[in-house]
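One structure below.
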Number of protein chains: 2
Amino acid sequence: MLDSIARLRRFNRVVTREIGALDTSYLGRGRPLSTARVLHLIKPEGTDIAVIRQTLHFDSGLLSRLLRALEKEGLVVVKSDPADRRRRIAHLTEAGQAEWQVYDQLGHDKAKAVFDRAGSRQQALIEAMDLVATVLLQDELVIRDADPDDPAALSCLSAYYRILLDTFASFTPEMLPLPLPEAARYRSPDGAFLVAWSDDLPVGCVSLRPLEPGVGEVKRLWVHPIARGQGLARRLMRAIETRARELGMTRLQLDTNTGLSDAVALYRSDGWTDIAPYTTSPSNLWMAKRL
Amino acid sequence: MLDSIARLRRFNRVVTREIGALDTSYLGRGRPLSTARVLHLIKPEGTDIAVIRQTLHFDSGLLSRLLRALEKEGLVVVKSDPADRRRRIAHLTEAGQAEWQVYDQLGHDKAKAVFDRAGSRQQALIEAMDLVATVLLQDELVIRDADPDDPAALSCLSAYYRILLDTFASFTPEMLPLPLPEAARYRSPDGAFLVAWSDDLPVGCVSLRPLEPGVGEVKRLWVHPIARGQGLARRLMRAIETRARELGMTRLQLDTNTGLSDAVALYRSDGWTDIAPYTTSPSNLWMAKRL
DNA sequence: GCTTATAACTGACTTTAGTCAGGTAATTTA
DNA sequence: TAAATTACCTGACTAAAGTCAGTTATAAGC
């Protein structure tokens, strides 16, 4: 334990020195760091200033002052929210968008410099960083609805497809098109597509499409390797079942393969039972659950 | 690449929030953070204030002021270095030592809380942190003399022994005693023991003992898994050869095993040649090098 | 319609960190 | 031994971050 604390401190020292410099790269543009961070948090479509305040944990007065400074520079315009005119939304001017780009590029360059230093161990570095971040964020996994054509959804699907191709010889890339050909059926009100997020990294997905009135099919359950062992798959299944109920479904089906033994064990332990085959394809196990 | 930068930023956000809190845990004792960090850098035997300045990258004036504040609190006494009376050494008073303990405990508790949250993935977390730190510190590997009884030397040796036990069935724990029975022979002026450091983590070692006048034997070359692939083994060998020359040796020998193929390849490429057996034991290859 | 709550703003203030221009004493160099 | 250098100190200053009390406009509750 003592040794591990020494190692944590070493990690702490190194990381605050090297990675902390990502933030300080925002300096050098004649603007204090906090002002630059506020600017960089404003999205093209505008950002509710309350969101900025929560993200940076700033006092209301402090943020006000920083926004006034950005307005005086002509980079930002703050307007009242039409829906609730007490709330205010910050927008980037054209000059502000240009400056935002500069900051984004600075951070990008700094990050690239870190990876360049890793040389041949770049991949290992990224995986180690993911693991650290995921462990520290494990209590904050969030499941949100996504559009099946969204980049996050597509990144989950392509990871899921890679598993299928690696595991089953009978799958070919042509059988696994991206984006999904019937994307509309995975959108509300027909079906659903859920993505699990760890901070802003997609780490899991599951989808639901209608089969016949009152019956839905669960497909494409996937959990990122760095997020396994935390019950995320079960949370995703529970979430999609809830969504199915909200859509008026009373029965769910799925087809799977006994080769995916972890998934099958999860289904069984969550009340799914075997049913007769209803698809061909590489499936060799069919299950259903009454909601 | 874009994805990896997003992942680095995620890592950055999480780590500055979670691990950065290790430092801020020094707050809450009615003392500014920088003052507390200075106090915690003072060792029981006293610390040269230049070392503190370099470690924290503080301005000379700033550190002076912080030390005056700690003196006024009765926690620290700064005395002139007898060897060079311009230099000054900071010492902890009794009250200062007590306060130092409190800060140490605070950091300790905070670190433990991080590990506790990792649950079953504690070991994986530590290894990932080590990897990140080592990659970022790879240009800063330092090789220093160590005493063979030093904790760092012992930790290297026990890791080395573990490899031997795992690789060769013919080794038994009794054949690998710790601490070394003939430690004195690995100390100057007879021999040497070198340890490679990444920050304050020992990541490699090599040792040298006298065989007969003018002839030395290199033993126990080890490199931590997280530090492999960076040429550290070669640097250690070069360093121990230099040390051997300084000790007046003109010839080096070693015994090894062809099972350790990486090591053997290194020796050969660095000018070592096969010689006749001079030991029994699990060795099956004997080499020498003229200095 | 009146009261209360909420969101943001303004101005005054403090703390912390850090810089800079001297100054002194000790040591090293020429 | 004089001049230069080094190590540290002091005092004056600034910038950045953050806190706090009070104000205004809007929305929500009764």
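Just remember, in the structure tokens the first chain shown is A, the second B, etc., residues are 1-based per chain, and ligands are 1-based in the order shown.
Using only C-alpha atoms (C1' of nucleotides), the residues found no farther than 9 Å from DT6 (chain D), other than those of its own chain fewer than 4 positions away, are Arg86 of chain B; DA26, DT27 and DT28 of chain C.
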Using the selection just defined, write its residues with C-alpha atoms (C1' of nucleotides) as an mmCIF file, in the first residue's frame.
data_model
loop_
_atom_site.group_PDB
_atom_site.id
_atom_site.type_symbol
_atom_site.label_atom_id
_atom_site.label_comp_id
_atom_site.auth_asym_id
_atom_site.auth_seq_id
_atom_site.Cartn_x
_atom_site.Cartn_y
_atom_site.Cartn_z
ATOM 1 C CA ARG B 86 25.678 31.536 1.516
ATOM 2 C "C1'" DA C 26 30.005 34.764 1.282
ATOM 3 C "C1'" DT C 27 32.686 32.613 -2.198
ATOM 4 C "C1'" DT C 28 35.236 32.134 -6.477
#
Need the shell around DT19 (chain D): protein/DNA/RNA residues with any atom at most 12 Å away, counting only C-alpha atoms (C1' of nucleotides). Skip same-chain ones fewer than 4 positions apart. Format as an mmCIF file with C-alpha atoms (C1' of nucleotides), in the first residue's frame?
data_model
loop_
_atom_site.group_PDB
_atom_site.id
_atom_site.type_symbol
_atom_site.label_atom_id
_atom_site.label_comp_id
_atom_site.auth_asym_id
_atom_site.auth_seq_id
_atom_site.Cartn_x
_atom_site.Cartn_y
_atom_site.Cartn_z
ATOM 1 C CA PHE A 58 -17.267 29.383 -11.117
ATOM 2 C CA ASP A 59 -19.049 31.907 -8.954
ATOM 3 C CA SER A 60 -21.876 33.683 -10.730
ATOM 4 C CA GLY A 61 -20.145 37.051 -10.327
ATOM 5 C CA LEU A 62 -16.856 35.750 -11.629
ATOM 6 C "C1'" DA C 12 -15.985 46.404 -3.511
ATOM 7 C "C1'" DC C 13 -13.031 43.508 -1.490
ATOM 8 C "C1'" DT C 14 -9.318 39.711 -0.231
ATOM 9 C "C1'" DT C 15 -6.015 36.143 -0.975
#
If you count only C-alpha atoms (C1' of nucleotides), which residues fall within 10 Å of DT10 (chain C), apart from same-chain ones fewer than 3 positions away, as a PDB file with N, CA and C atoms (P, O5', C5', C4', C3', O3' and C1' of nucleotides), in the first residue's frame?
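Output (around_13.pdb):
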ATOM      1  N   GLY A  61     -20.756  35.745 -10.080  1.00  0.00           N
ATOM      2  CA  GLY A  61     -20.145  37.051 -10.327  1.00  0.00           C
ATOM      3  C   GLY A  61     -18.906  36.937 -11.180  1.00  0.00           C
ATOM      4  N   SER A  64     -19.794  36.237 -14.834  1.00  0.00           N
ATOM      5  CA  SER A  64     -20.328  37.475 -15.413  1.00  0.00           C
ATOM      6  C   SER A  64     -19.201  38.383 -15.888  1.00  0.00           C
ATOM      7  N   ARG A  65     -18.245  38.580 -14.995  1.00  0.00           N
ATOM      8  CA  ARG A  65     -17.137  39.470 -15.326  1.00  0.00           C
ATOM      9  C   ARG A  65     -16.337  38.954 -16.522  1.00  0.00           C
TER      10      ARG A  65
ATOM     11  P    DG D  22     -25.930  43.662   2.437  1.00  0.00           P
ATOM     12  O5'  DG D  22     -26.418  44.314   1.068  1.00  0.00           O
ATOM     13  C5'  DG D  22     -25.651  45.386   0.500  1.00  0.00           C
ATOM     14  C4'  DG D  22     -26.107  45.608  -0.916  1.00  0.00           C
ATOM     15  C3'  DG D  22     -27.629  45.671  -1.088  1.00  0.00           C
ATOM     16  O3'  DG D  22     -27.955  46.795  -1.908  1.00  0.00           O
ATOM     17  C1'  DG D  22     -26.716  44.137  -2.610  1.00  0.00           C
ATOM     18  P    DT D  23     -29.490  47.153  -2.218  1.00  0.00           P
ATOM     19  O5'  DT D  23     -29.558  46.843  -3.784  1.00  0.00           O
ATOM     20  C5'  DT D  23     -28.626  47.477  -4.672  1.00  0.00           C
ATOM     21  C4'  DT D  23     -28.971  47.088  -6.095  1.00  0.00           C
ATOM     22  C3'  DT D  23     -30.450  47.163  -6.421  1.00  0.00           C
ATOM     23  O3'  DT D  23     -30.660  47.983  -7.559  1.00  0.00           O
ATOM     24  C1'  DT D  23     -29.554  45.047  -7.054  1.00  0.00           C
TER      25       DT D  23
END
| message | Could you pull out the alpha helix (DSSP H) residues of region 2-248 of chain B, going by DSSP on the backbone, and write them as a ChimeraX atom specification? | response | /B:2-18,20-24,33-41,49-56,60-72,94-118,122-136,151-167,232-246
Could you give me, as a tab-separated table, a per-residue list for chain A showing, wherever an atom lies at most 6 Å from an atom of chain B, the closest pair of atoms and their distance in Å to one decimal, using only C-alpha atoms and sorting by chain then residue number from low to high?
residue	atom	partner	partner_atom	distance
A:Phe11	CA	B:Ala133	CA	5.2
A:Val14	CA	B:Ala133	CA	6.0
A:Ala118	CA	B:Val135	CA	5.8
A:Leu125	CA	B:Val132	CA	5.9
A:Ala128	CA	B:Ala128	CA	4.5
A:Met129	CA	B:Phe11	CA	6.0
A:Val132	CA	B:Leu125	CA	5.9
A:Ala133	CA	B:Phe11	CA	5.2
A:Val135	CA	B:Ala118	CA	5.8
Contact set, chain C to chain A: 9 Å, only C-alpha atoms (C1' of nucleotides), as a CSV table (one decimal) with all heavy atoms, in the first residue's frame:
chain,number,residue,atom,x,y,z
C,6,DT,P,-35.5,28.8,-5.5
C,6,DT,OP1,-35.6,27.4,-5.7
C,6,DT,OP2,-34.7,29.4,-4.4
C,6,DT,O5',-35.1,29.5,-6.9
C,6,DT,C5',-36.0,29.4,-8.0
C,6,DT,C4',-35.4,30.2,-9.1
C,6,DT,O4',-35.6,31.6,-8.9
C,6,DT,C3',-33.9,30.0,-9.3
C,6,DT,O3',-33.7,29.6,-10.7
C,6,DT,C2',-33.3,31.4,-9.0
C,6,DT,C1',-34.5,32.3,-9.4
C,6,DT,N1,-34.5,33.6,-8.7
C,6,DT,C2,-34.7,34.8,-9.5
C,6,DT,O2,-34.9,34.7,-10.7
C,6,DT,N3,-34.8,35.9,-8.8
C,6,DT,C4,-34.6,36.1,-7.4
C,6,DT,O4,-34.7,37.2,-6.9
C,6,DT,C5,-34.4,34.9,-6.7
C,6,DT,C7,-34.3,35.0,-5.2
C,6,DT,C6,-34.4,33.7,-7.3
C,7,DA,P,-32.3,29.1,-11.2
C,7,DA,OP1,-32.5,28.1,-12.2
C,7,DA,OP2,-31.4,28.9,-10.0
C,7,DA,O5',-31.8,30.4,-11.9
C,7,DA,C5',-32.5,30.9,-13.1
C,7,DA,C4',-31.7,32.0,-13.7
C,7,DA,O4',-32.0,33.2,-12.9
C,7,DA,C3',-30.2,31.8,-13.7
C,7,DA,O3',-29.7,32.1,-15.0
C,7,DA,C2',-29.7,32.9,-12.7
C,7,DA,C1',-30.8,33.9,-12.7
C,7,DA,N9,-31.0,34.5,-11.4
C,7,DA,C8,-30.9,33.9,-10.1
C,7,DA,N7,-31.1,34.8,-9.1
C,7,DA,C5,-31.3,36.0,-9.7
C,7,DA,C6,-31.6,37.3,-9.3
C,7,DA,N6,-31.7,37.5,-8.0
C,7,DA,N1,-31.8,38.3,-10.1
C,7,DA,C2,-31.7,38.0,-11.4
C,7,DA,N3,-31.4,36.8,-12.0
C,7,DA,C4,-31.2,35.9,-11.1
C,8,DA,P,-28.2,32.0,-15.3
C,8,DA,OP1,-28.1,31.6,-16.8
C,8,DA,OP2,-27.5,31.2,-14.3
C,8,DA,O5',-27.7,33.5,-15.2
C,8,DA,C5',-28.4,34.5,-16.0
C,8,DA,C4',-28.1,35.9,-15.5
C,8,DA,O4',-28.5,36.0,-14.1
C,8,DA,C3',-26.6,36.2,-15.5
C,8,DA,O3',-26.3,37.2,-16.5
C,8,DA,C2',-26.3,36.7,-14.1
C,8,DA,C1',-27.7,37.0,-13.6
C,8,DA,N9,-27.8,36.9,-12.1
C,8,DA,C8,-27.6,35.8,-11.3
C,8,DA,N7,-27.8,36.0,-10.0
C,8,DA,C5,-28.1,37.4,-10.0
C,8,DA,C6,-28.4,38.2,-8.9
C,8,DA,N6,-28.4,37.8,-7.6
C,8,DA,N1,-28.7,39.5,-9.2
C,8,DA,C2,-28.6,39.9,-10.5
C,8,DA,N3,-28.4,39.2,-11.6
C,8,DA,C4,-28.1,37.9,-11.3
C,9,DC,P,-24.9,37.8,-16.7
C,9,DC,OP1,-24.9,38.1,-18.2
C,9,DC,OP2,-23.9,36.8,-16.2
C,9,DC,O5',-24.9,39.1,-15.9
C,9,DC,C5',-25.9,40.1,-16.1
C,9,DC,C4',-25.8,41.2,-15.1
C,9,DC,O4',-26.1,40.6,-13.8
C,9,DC,C3',-24.4,41.8,-14.9
C,9,DC,O3',-24.4,43.1,-15.4
C,9,DC,C2',-24.0,41.6,-13.5
C,9,DC,C1',-25.3,41.3,-12.8
C,9,DC,N1,-25.2,40.4,-11.6
C,9,DC,C2,-25.4,40.9,-10.3
C,9,DC,O2,-25.7,42.1,-10.2
C,9,DC,N3,-25.3,40.1,-9.3
C,9,DC,C4,-25.0,38.8,-9.4
C,9,DC,N4,-24.9,38.1,-8.3
C,9,DC,C5,-24.8,38.3,-10.7
C,9,DC,C6,-24.9,39.1,-11.8
C,10,DT,P,-23.1,43.9,-15.6
C,10,DT,OP1,-23.3,45.0,-16.6
C,10,DT,OP2,-22.0,42.9,-15.8
C,10,DT,O5',-22.8,44.6,-14.2
C,10,DT,C5',-23.8,45.4,-13.6
C,10,DT,C4',-23.3,46.0,-12.3
C,10,DT,O4',-23.4,44.9,-11.3
C,10,DT,C3',-21.8,46.4,-12.3
C,10,DT,O3',-21.8,47.8,-11.9
C,10,DT,C2',-21.2,45.5,-11.3
C,10,DT,C1',-22.3,45.0,-10.4
C,10,DT,N1,-22.2,43.6,-9.8
C,10,DT,C2,-22.3,43.5,-8.5
C,10,DT,O2,-22.6,44.4,-7.7
C,10,DT,N3,-22.2,42.2,-8.1
C,10,DT,C4,-21.9,41.1,-8.8
C,10,DT,O4,-21.8,40.0,-8.3
C,10,DT,C5,-21.7,41.3,-10.2
C,10,DT,C7,-21.4,40.2,-11.2
C,10,DT,C6,-21.9,42.6,-10.7
| task | Excluding Gly30 (chain A) and residues on its chain fewer than 6 positions from it, collect all residues at most 12 Å away from it, counting only C-alpha atoms (C1' of nucleotides), and give them as a ChimeraX atom specification. | result | /A:36,73,99
Name all residues at most 9 Å from DA15 (chain D) (count only C-alpha atoms (C1' of nucleotides); drop same-chain ones fewer than 2 positions away) and give them as a short mmCIF file (atom, residue, chain, number, x, y, z; two decimals) with C-alpha atoms (C1' of nucleotides), in the first residue's frame.
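File part.cif, as written:
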data_model
loop_
_atom_site.label_atom_id
_atom_site.label_comp_id
_atom_site.auth_asym_id
_atom_site.auth_seq_id
_atom_site.Cartn_x
_atom_site.Cartn_y
_atom_site.Cartn_z
CA PRO A 32 -6.15 35.01 -18.60
"C1'" DA C 17 0.96 33.61 -6.58
"C1'" DG C 18 4.33 35.53 -8.81
#
| What is the distance between CA of Tyr103 (chain A) and CA of Tyr26 (chain A), in Å to one decimal? |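 Interatomic distance, CA of Tyr103 (chain A) to CA of Tyr26 (chain A): 6.2 Å.
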